[in-house]
Structure formats: structure tokens, C-alpha cells
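Enquirer: Next up, query15.txt (compact mmCIF, N, CA, C and O atoms).
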# COMPACT_ATOMS: atom_id res chain seq x y z
N ASP A 1 117.04 115.47 65.06
CA ASP A 1 117.75 114.30 65.53
C ASP A 1 118.45 114.57 66.86
O ASP A 1 118.52 113.69 67.70
N ILE A 2 118.98 115.77 67.02
CA ILE A 2 119.66 116.11 68.28
C ILE A 2 118.68 116.08 69.44
O ILE A 2 118.97 115.55 70.49
N LEU A 3 117.47 116.63 69.23
CA LEU A 3 116.47 116.62 70.29
C LEU A 3 116.06 115.19 70.64
O LEU A 3 115.89 114.85 71.81
N LYS A 4 115.94 114.36 69.63
CA LYS A 4 115.60 112.96 69.87
C LYS A 4 116.71 112.29 70.68
O LYS A 4 116.45 111.56 71.63
N PHE A 5 117.95 112.54 70.33
CA PHE A 5 119.08 111.98 71.07
C PHE A 5 119.08 112.46 72.51
O PHE A 5 119.25 111.68 73.43
N GLN A 6 118.86 113.76 72.71
CA GLN A 6 118.84 114.32 74.06
C GLN A 6 117.70 113.72 74.88
O GLN A 6 117.89 113.36 76.03
N LYS A 7 116.55 113.56 74.29
CA LYS A 7 115.42 112.98 74.99
C LYS A 7 115.71 111.53 75.39
O LYS A 7 115.46 111.11 76.50
N THR A 8 116.26 110.80 74.48
CA THR A 8 116.62 109.40 74.76
C THR A 8 117.61 109.34 75.91
O THR A 8 117.49 108.54 76.82
N THR A 9 118.60 110.21 75.88
CA THR A 9 119.60 110.24 76.94
C THR A 9 118.95 110.54 78.28
O THR A 9 119.25 109.89 79.28
N GLU A 10 118.05 111.51 78.33
CA GLU A 10 117.36 111.84 79.57
C GLU A 10 116.52 110.65 80.06
O GLU A 10 116.50 110.35 81.25
N GLU A 11 115.87 109.97 79.13
CA GLU A 11 115.08 108.79 79.50
C GLU A 11 115.99 107.69 80.05
O GLU A 11 115.66 107.03 81.03
N GLU A 12 117.14 107.52 79.43
CA GLU A 12 118.08 106.50 79.90
C GLU A 12 118.60 106.84 81.30
O GLU A 12 118.73 105.97 82.15
N ILE A 13 118.87 108.11 81.54
CA ILE A 13 119.34 108.54 82.86
C ILE A 13 118.27 108.27 83.90
O ILE A 13 118.56 107.74 84.98
N GLU A 14 117.04 108.62 83.61
CA GLU A 14 115.95 108.35 84.56
C GLU A 14 115.81 106.86 84.82
O GLU A 14 115.61 106.43 85.95
N SER A 15 115.95 106.07 83.77
CA SER A 15 115.86 104.62 83.92
C SER A 15 116.98 104.10 84.82
O SER A 15 116.76 103.27 85.70
N LEU A 16 118.19 104.61 84.64
CA LEU A 16 119.31 104.19 85.47
C LEU A 16 119.12 104.63 86.91
O LEU A 16 119.46 103.90 87.84
N LYS A 17 118.57 105.83 87.12
CA LYS A 17 118.29 106.29 88.48
C LYS A 17 117.30 105.35 89.16
O LYS A 17 117.47 105.00 90.31
N GLU A 18 116.27 104.98 88.43
CA GLU A 18 115.26 104.07 88.98
C GLU A 18 115.89 102.72 89.33
O GLU A 18 115.51 102.09 90.30
N LYS A 19 116.84 102.29 88.52
CA LYS A 19 117.50 101.02 88.78
C LYS A 19 118.63 101.18 89.80
O LYS A 19 119.29 100.21 90.15
N LYS A 20 118.86 102.40 90.24
CA LYS A 20 119.91 102.73 91.22
C LYS A 20 121.29 102.37 90.71
O LYS A 20 122.13 101.87 91.45
N GLU A 21 121.54 102.65 89.44
CA GLU A 21 122.86 102.35 88.87
C GLU A 21 123.72 103.60 88.75
O GLU A 21 124.86 103.51 88.33
N ILE A 22 123.17 104.75 89.09
CA ILE A 22 123.93 106.00 89.05
C ILE A 22 124.08 106.49 90.48
O ILE A 22 123.12 106.52 91.24
N ALA A 23 125.29 106.88 90.85
CA ALA A 23 125.52 107.43 92.19
C ALA A 23 124.91 108.82 92.26
O ALA A 23 125.11 109.66 91.40
N MET A 24 124.14 109.05 93.32
CA MET A 24 123.50 110.33 93.54
C MET A 24 124.16 111.02 94.73
O MET A 24 124.58 110.35 95.66
N LYS A 25 124.21 112.34 94.70
CA LYS A 25 124.71 113.11 95.83
C LYS A 25 123.50 113.63 96.59
O LYS A 25 122.60 114.22 95.99
N LYS A 26 123.47 113.38 97.90
CA LYS A 26 122.34 113.81 98.72
C LYS A 26 122.84 114.54 99.95
O LYS A 26 123.87 114.17 100.53
N GLU A 27 122.10 115.57 100.35
CA GLU A 27 122.38 116.28 101.59
C GLU A 27 121.26 115.95 102.58
O GLU A 27 120.09 116.06 102.25
N ILE A 28 121.66 115.56 103.79
CA ILE A 28 120.70 115.19 104.82
C ILE A 28 120.87 116.13 105.99
O ILE A 28 121.96 116.23 106.57
N LYS A 29 119.81 116.87 106.33
CA LYS A 29 119.81 117.73 107.52
C LYS A 29 119.48 116.85 108.72
O LYS A 29 118.50 116.09 108.69
N ILE A 30 120.27 116.96 109.79
CA ILE A 30 120.16 116.07 110.94
C ILE A 30 120.08 116.87 112.24
O ILE A 30 120.87 117.79 112.44
N ASN A 31 119.13 116.52 113.10
CA ASN A 31 119.04 117.09 114.44
C ASN A 31 119.58 116.10 115.46
O ASN A 31 119.40 114.89 115.30
N GLY A 32 120.20 116.63 116.51
CA GLY A 32 120.59 115.79 117.64
C GLY A 32 122.08 115.55 117.77
O GLY A 32 122.52 115.00 118.78
N MET A 33 122.87 115.95 116.78
CA MET A 33 124.31 115.77 116.91
C MET A 33 124.88 116.89 117.78
O MET A 33 124.65 118.06 117.51
N MET A 34 125.62 116.51 118.84
CA MET A 34 126.14 117.49 119.78
C MET A 34 127.67 117.54 119.83
O MET A 34 128.23 118.49 120.36
N CYS A 35 128.33 116.48 119.35
CA CYS A 35 129.79 116.41 119.50
C CYS A 35 130.38 115.54 118.39
O CYS A 35 129.66 114.99 117.56
N ASN A 36 131.70 115.43 118.39
CA ASN A 36 132.38 114.63 117.36
C ASN A 36 132.05 113.14 117.48
O ASN A 36 132.09 112.42 116.48
N HIS A 37 131.72 112.68 118.68
CA HIS A 37 131.29 111.29 118.83
C HIS A 37 129.99 111.06 118.03
O HIS A 37 129.84 110.03 117.38
N CYS A 38 129.09 112.02 118.09
CA CYS A 38 127.84 111.95 117.31
C CYS A 38 128.15 111.88 115.82
O CYS A 38 127.54 111.11 115.08
N VAL A 39 129.09 112.70 115.38
CA VAL A 39 129.48 112.72 113.97
C VAL A 39 130.01 111.35 113.55
O VAL A 39 129.63 110.81 112.51
N MET A 40 130.85 110.76 114.40
CA MET A 40 131.39 109.43 114.09
C MET A 40 130.28 108.38 114.05
O MET A 40 130.29 107.49 113.20
N HIS A 41 129.31 108.50 114.97
CA HIS A 41 128.20 107.55 115.02
C HIS A 41 127.37 107.62 113.73
O HIS A 41 127.01 106.59 113.15
N VAL A 42 127.03 108.82 113.30
CA VAL A 42 126.25 109.01 112.07
C VAL A 42 127.06 108.55 110.85
O VAL A 42 126.54 107.89 109.95
N THR A 43 128.34 108.88 110.84
CA THR A 43 129.22 108.48 109.74
C THR A 43 129.23 106.96 109.59
O THR A 43 129.05 106.42 108.50
N LYS A 44 129.42 106.25 110.70
CA LYS A 44 129.44 104.78 110.65
C LYS A 44 128.10 104.23 110.19
O LYS A 44 128.06 103.26 109.43
N ALA A 45 127.01 104.83 110.65
CA ALA A 45 125.68 104.36 110.25
C ALA A 45 125.50 104.50 108.74
O ALA A 45 124.98 103.58 108.08
N LEU A 46 125.93 105.62 108.18
CA LEU A 46 125.76 105.86 106.74
C LEU A 46 126.74 105.02 105.91
O LEU A 46 126.39 104.52 104.84
N GLU A 47 127.96 104.86 106.41
CA GLU A 47 128.93 104.04 105.68
C GLU A 47 128.51 102.57 105.65
O GLU A 47 128.93 101.83 104.75
N GLY A 48 127.67 102.16 106.58
CA GLY A 48 127.19 100.79 106.62
C GLY A 48 126.10 100.47 105.62
O GLY A 48 125.72 99.31 105.45
N LEU A 49 125.58 101.50 104.95
CA LEU A 49 124.51 101.29 103.97
C LEU A 49 125.08 100.75 102.66
O LEU A 49 126.13 101.21 102.20
N ASN A 50 124.36 99.82 102.06
CA ASN A 50 124.74 99.33 100.73
C ASN A 50 124.62 100.45 99.71
O ASN A 50 123.66 101.20 99.72
N GLY A 51 125.62 100.57 98.86
CA GLY A 51 125.57 101.55 97.79
C GLY A 51 126.13 102.91 98.12
O GLY A 51 126.24 103.76 97.25
N VAL A 52 126.51 103.15 99.38
CA VAL A 52 127.07 104.45 99.75
C VAL A 52 128.57 104.42 99.47
O VAL A 52 129.29 103.55 99.98
N SER A 53 129.05 105.37 98.67
CA SER A 53 130.46 105.39 98.30
C SER A 53 131.25 106.48 99.00
O SER A 53 132.47 106.42 99.08
N SER A 54 130.55 107.50 99.55
CA SER A 54 131.23 108.62 100.19
C SER A 54 130.31 109.22 101.25
O SER A 54 129.11 109.37 101.01
N VAL A 55 130.89 109.55 102.42
CA VAL A 55 130.12 110.16 103.51
C VAL A 55 130.93 111.31 104.09
O VAL A 55 132.11 111.15 104.40
N ASN A 56 130.29 112.46 104.26
CA ASN A 56 130.91 113.61 104.93
C ASN A 56 129.88 114.20 105.88
O ASN A 56 128.90 114.80 105.43
N VAL A 57 130.10 114.04 107.19
CA VAL A 57 129.16 114.53 108.19
C VAL A 57 129.75 115.77 108.84
O VAL A 57 130.91 115.78 109.25
N SER A 58 128.93 116.82 108.97
CA SER A 58 129.38 118.09 109.55
C SER A 58 128.58 118.43 110.79
O SER A 58 127.36 118.61 110.73
N LEU A 59 129.29 118.54 111.93
CA LEU A 59 128.65 118.97 113.17
C LEU A 59 128.25 120.44 113.06
O LEU A 59 127.14 120.81 113.47
N LYS A 60 129.12 121.25 112.49
CA LYS A 60 128.87 122.69 112.34
C LYS A 60 127.60 122.96 111.53
O LYS A 60 126.79 123.81 111.90
N ASP A 61 127.41 122.20 110.44
CA ASP A 61 126.26 122.42 109.56
C ASP A 61 125.07 121.53 109.89
O ASP A 61 124.02 121.65 109.26
N ASN A 62 125.23 120.63 110.87
CA ASN A 62 124.18 119.67 111.23
C ASN A 62 123.66 118.93 110.01
O ASN A 62 122.46 118.81 109.80
N ASN A 63 124.61 118.42 109.20
CA ASN A 63 124.18 117.69 108.02
C ASN A 63 125.18 116.61 107.63
O ASN A 63 126.25 116.50 108.22
N ALA A 64 124.78 115.82 106.68
CA ALA A 64 125.65 114.83 106.06
C ALA A 64 125.47 114.94 104.56
O ALA A 64 124.36 115.15 104.07
N VAL A 65 126.56 114.82 103.84
CA VAL A 65 126.51 114.77 102.38
C VAL A 65 127.04 113.40 102.00
O VAL A 65 128.14 113.02 102.40
N ILE A 66 126.22 112.66 101.27
CA ILE A 66 126.63 111.33 100.85
C ILE A 66 126.55 111.19 99.34
O ILE A 66 125.79 111.91 98.68
N GLU A 67 127.35 110.27 98.82
CA GLU A 67 127.26 109.89 97.42
C GLU A 67 127.01 108.40 97.38
O GLU A 67 127.59 107.65 98.16
N GLY A 68 126.15 108.01 96.49
CA GLY A 68 125.82 106.61 96.35
C GLY A 68 124.43 106.44 95.81
O GLY A 68 123.86 107.37 95.24
N ASN A 69 123.87 105.26 96.01
CA ASN A 69 122.55 105.01 95.46
C ASN A 69 121.61 104.37 96.48
O ASN A 69 120.72 103.63 96.12
N SER A 70 121.80 104.69 97.76
CA SER A 70 120.87 104.21 98.78
C SER A 70 119.58 105.02 98.72
O SER A 70 119.60 106.20 98.39
N SER A 71 118.49 104.37 99.09
CA SER A 71 117.19 105.06 99.06
C SER A 71 117.09 106.01 100.25
O SER A 71 117.75 105.85 101.27
N ASP A 72 116.23 107.02 100.10
CA ASP A 72 115.98 107.96 101.20
C ASP A 72 115.47 107.22 102.43
O ASP A 72 115.83 107.58 103.56
N GLU A 73 114.66 106.20 102.22
CA GLU A 73 114.11 105.43 103.34
C GLU A 73 115.22 104.74 104.12
O GLU A 73 115.23 104.75 105.35
N ASP A 74 116.18 104.13 103.41
CA ASP A 74 117.30 103.46 104.07
C ASP A 74 118.19 104.45 104.81
O ASP A 74 118.67 104.17 105.91
N ILE A 75 118.42 105.61 104.19
CA ILE A 75 119.23 106.65 104.82
C ILE A 75 118.56 107.12 106.11
O ILE A 75 119.21 107.20 107.17
N LYS A 76 117.28 107.42 106.03
CA LYS A 76 116.54 107.90 107.20
C LYS A 76 116.55 106.85 108.32
O LYS A 76 116.80 107.17 109.48
N LYS A 77 116.33 105.61 107.97
CA LYS A 77 116.30 104.53 108.97
C LYS A 77 117.66 104.39 109.65
O LYS A 77 117.73 104.24 110.87
N ALA A 78 118.74 104.43 108.89
CA ALA A 78 120.08 104.29 109.46
C ALA A 78 120.38 105.40 110.46
O ALA A 78 120.91 105.15 111.55
N ILE A 79 120.02 106.63 110.11
CA ILE A 79 120.28 107.78 111.00
C ILE A 79 119.39 107.71 112.23
O ILE A 79 119.85 107.92 113.36
N GLU A 80 118.11 107.38 112.04
CA GLU A 80 117.20 107.29 113.18
C GLU A 80 117.56 106.11 114.09
O GLU A 80 117.49 106.24 115.31
N ASP A 81 118.00 105.00 113.52
CA ASP A 81 118.44 103.86 114.32
C ASP A 81 119.68 104.22 115.15
O ASP A 81 119.91 103.64 116.21
N ALA A 82 120.47 105.18 114.65
CA ALA A 82 121.65 105.63 115.38
C ALA A 82 121.28 106.63 116.48
O ALA A 82 122.12 107.02 117.29
N GLY A 83 120.02 107.06 116.50
CA GLY A 83 119.54 107.93 117.57
C GLY A 83 119.39 109.40 117.21
O GLY A 83 119.28 110.25 118.10
N TYR A 84 119.35 109.71 115.94
CA TYR A 84 119.27 111.10 115.50
C TYR A 84 118.03 111.31 114.63
O TYR A 84 117.45 110.35 114.14
N GLU A 85 117.67 112.57 114.44
CA GLU A 85 116.45 112.90 113.69
C GLU A 85 116.83 113.45 112.30
O GLU A 85 117.64 114.36 112.19
N VAL A 86 116.20 112.89 111.28
CA VAL A 86 116.37 113.39 109.92
C VAL A 86 115.33 114.47 109.69
O VAL A 86 114.14 114.24 109.82
N VAL A 87 115.80 115.67 109.37
CA VAL A 87 114.91 116.80 109.12
C VAL A 87 114.52 116.88 107.65
O VAL A 87 113.37 117.13 107.32
N GLU A 88 115.51 116.64 106.80
CA GLU A 88 115.28 116.78 105.35
C GLU A 88 116.36 116.02 104.58
O GLU A 88 117.51 115.96 105.01
N ILE A 89 115.96 115.46 103.45
CA ILE A 89 116.90 114.85 102.52
C ILE A 89 116.67 115.51 101.17
O ILE A 89 115.57 115.54 100.67
N LYS A 90 117.75 116.06 100.61
CA LYS A 90 117.62 116.68 99.27
C LYS A 90 118.82 116.37 98.41
O LYS A 90 119.81 115.90 98.86
Will you turn the file into C-alpha cells for me?
Expert:
Amino acid sequence: DILKFQKTTEEEIESLKEKKEIAMKKEIKINGMMCNHCVMHVTKALEGLNGVSSVNVSLKDNNAVIEGNSSDEDIKKAIEDAGYEVVEIK
């Protein structure tokens, strides 16, 4: 019974992820940021996405860590529209 419960829970989690009802944490590697103005530009672009609840952009690490339920495609488009290159989203 415990295994059945655990399996059901995992299935429910996957279903919620597909429906974008669970906030996910994602790290985005970004090329092209050179200064704090760039960081602010990327931050504003990501904060403007529907479903994003938290944004932390690092010039030192050339990345952004976000929490929310925006799709990778929307994240990539927002960053590229701001003038920067997305290297990886994980």
C-alpha cells in the first residue's frame, strides 16, 4: 500500500508539473552580461514573465536563478529579447 501511495503521489506531482501548478526552481546560464545595468535588464525581463515568483541574477556567475512555472521557451525568449544569449536552462 505504501508503494502504491508513493507512486500515486509521484504521478500527481508530474501531473501538476505538466499543468504548471507547482513552482519550479531553474538556473539559466547567460552570455553577454557585462555590468550591473545588464543584470537589471535581465532581472526586469524575467520578472515580467507570468508565473515567475522569484528572480536572482548574478553577474559574477553569469546566470539567473528563478522560481516559478514559466516555460523554458518563455524564459529563453525573454532573455534573448533583452539582448542576451541563453546557454543552458536546468
Enquirer: Taking into account only C-alpha atoms, which residue in the set A:Val57, A:Asp81, A:Lys76, A:Asn63 is nearest to A:His37?
Expert: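 When distances to A:His37 are compared using only C-alpha atoms, the smallest one comes from A:Val57.
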Enquirer: Mind checking which residues fall within 10 Å of A:Ala82, counting only C-alpha atoms, ignoring those fewer than 4 positions away in the same chain, and posting them as a ChimeraX atom specification?
Expert: /A:38,41-46,76-78
Enquirer: Could you pull out the helix (DSSP H, G or I) residues of stretch 11-88 of chain A from DSSP and send them as a ChimeraX atom specification?
Expert: /A:11-18,36-47,72-81
Enquirer: Skip A:Ser54 itself and residues of its chain fewer than 2 positions away, then list as a compact mmCIF listing (two decimals) with N, CA, C and O atoms, in the frame of the given file all residues within 12 Å of it, counting only C-alpha atoms.
Expert:
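Produced file out_17.txt, reproduced below:
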# COMPACT_ATOMS: atom_id res chain seq x y z
N ALA A 23 125.29 106.88 90.85
CA ALA A 23 125.52 107.43 92.19
C ALA A 23 124.91 108.82 92.26
O ALA A 23 125.11 109.66 91.40
N MET A 24 124.14 109.05 93.32
CA MET A 24 123.50 110.33 93.54
C MET A 24 124.16 111.02 94.73
O MET A 24 124.58 110.35 95.66
N LYS A 25 124.21 112.34 94.70
CA LYS A 25 124.71 113.11 95.83
C LYS A 25 123.50 113.63 96.59
O LYS A 25 122.60 114.22 95.99
N LYS A 26 123.47 113.38 97.90
CA LYS A 26 122.34 113.81 98.72
C LYS A 26 122.84 114.54 99.95
O LYS A 26 123.87 114.17 100.53
N GLU A 27 122.10 115.57 100.35
CA GLU A 27 122.38 116.28 101.59
C GLU A 27 121.26 115.95 102.58
O GLU A 27 120.09 116.06 102.25
N THR A 43 128.34 108.88 110.84
CA THR A 43 129.22 108.48 109.74
C THR A 43 129.23 106.96 109.59
O THR A 43 129.05 106.42 108.50
N LYS A 44 129.42 106.25 110.70
CA LYS A 44 129.44 104.78 110.65
C LYS A 44 128.10 104.23 110.19
O LYS A 44 128.06 103.26 109.43
N LEU A 46 125.93 105.62 108.18
CA LEU A 46 125.76 105.86 106.74
C LEU A 46 126.74 105.02 105.91
O LEU A 46 126.39 104.52 104.84
N GLU A 47 127.96 104.86 106.41
CA GLU A 47 128.93 104.04 105.68
C GLU A 47 128.51 102.57 105.65
O GLU A 47 128.93 101.83 104.75
N GLY A 48 127.67 102.16 106.58
CA GLY A 48 127.19 100.79 106.62
C GLY A 48 126.10 100.47 105.62
O GLY A 48 125.72 99.31 105.45
N LEU A 49 125.58 101.50 104.95
CA LEU A 49 124.51 101.29 103.97
C LEU A 49 125.08 100.75 102.66
O LEU A 49 126.13 101.21 102.20
N ASN A 50 124.36 99.82 102.06
CA ASN A 50 124.74 99.33 100.73
C ASN A 50 124.62 100.45 99.71
O ASN A 50 123.66 101.20 99.72
N GLY A 51 125.62 100.57 98.86
CA GLY A 51 125.57 101.55 97.79
C GLY A 51 126.13 102.91 98.12
O GLY A 51 126.24 103.76 97.25
N VAL A 52 126.51 103.15 99.38
CA VAL A 52 127.07 104.45 99.75
C VAL A 52 128.57 104.42 99.47
O VAL A 52 129.29 103.55 99.98
N ASN A 56 130.29 112.46 104.26
CA ASN A 56 130.91 113.61 104.93
C ASN A 56 129.88 114.20 105.88
O ASN A 56 128.90 114.80 105.43
N VAL A 57 130.10 114.04 107.19
CA VAL A 57 129.16 114.53 108.19
C VAL A 57 129.75 115.77 108.84
O VAL A 57 130.91 115.78 109.25
N ALA A 64 124.78 115.82 106.68
CA ALA A 64 125.65 114.83 106.06
C ALA A 64 125.47 114.94 104.56
O ALA A 64 124.36 115.15 104.07
N VAL A 65 126.56 114.82 103.84
CA VAL A 65 126.51 114.77 102.38
C VAL A 65 127.04 113.40 102.00
O VAL A 65 128.14 113.02 102.40
N ILE A 66 126.22 112.66 101.27
CA ILE A 66 126.63 111.33 100.85
C ILE A 66 126.55 111.19 99.34
O ILE A 66 125.79 111.91 98.68
N GLU A 67 127.35 110.27 98.82
CA GLU A 67 127.26 109.89 97.42
C GLU A 67 127.01 108.40 97.38
O GLU A 67 127.59 107.65 98.16
N GLY A 68 126.15 108.01 96.49
CA GLY A 68 125.82 106.61 96.35
C GLY A 68 124.43 106.44 95.81
O GLY A 68 123.86 107.37 95.24
N ASN A 69 123.87 105.26 96.01
CA ASN A 69 122.55 105.01 95.46
C ASN A 69 121.61 104.37 96.48
O ASN A 69 120.72 103.63 96.12
N SER A 70 121.80 104.69 97.76
CA SER A 70 120.87 104.21 98.78
C SER A 70 119.58 105.02 98.72
O SER A 70 119.60 106.20 98.39
Enquirer: Rounded to one decimal in Å, what is the spacing between atom CA of A:Ser71 and atom CA of A:Leu59?
Expert: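 Computed distance, atom CA of A:Ser71 to atom CA of A:Leu59, equals 22.9 Å.
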Enquirer: So the first atom is atom CA of A:Val87 and the second is atom C of A:Lys29; what is the distance between them in Å, to one decimal place?
Expert: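 Separation of atom CA of A:Val87 and atom C of A:Lys29: 4.6 Å.
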Enquirer: Distance atom O of A:Val39-atom CA of A:Ser58, one decimal place?
Expert: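 So the two atoms, atom O of A:Val39 and atom CA of A:Ser58, lie 7.9 Å apart.
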Enquirer: Which residue, A:Asp61, A:Val55, A:Ile28, A:Met33, has the smallest gap to A:Tyr84 when you use only C-alpha atoms?
Expert: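 Looking only at the distances to A:Tyr84, the closest residue turns out to be A:Met33.
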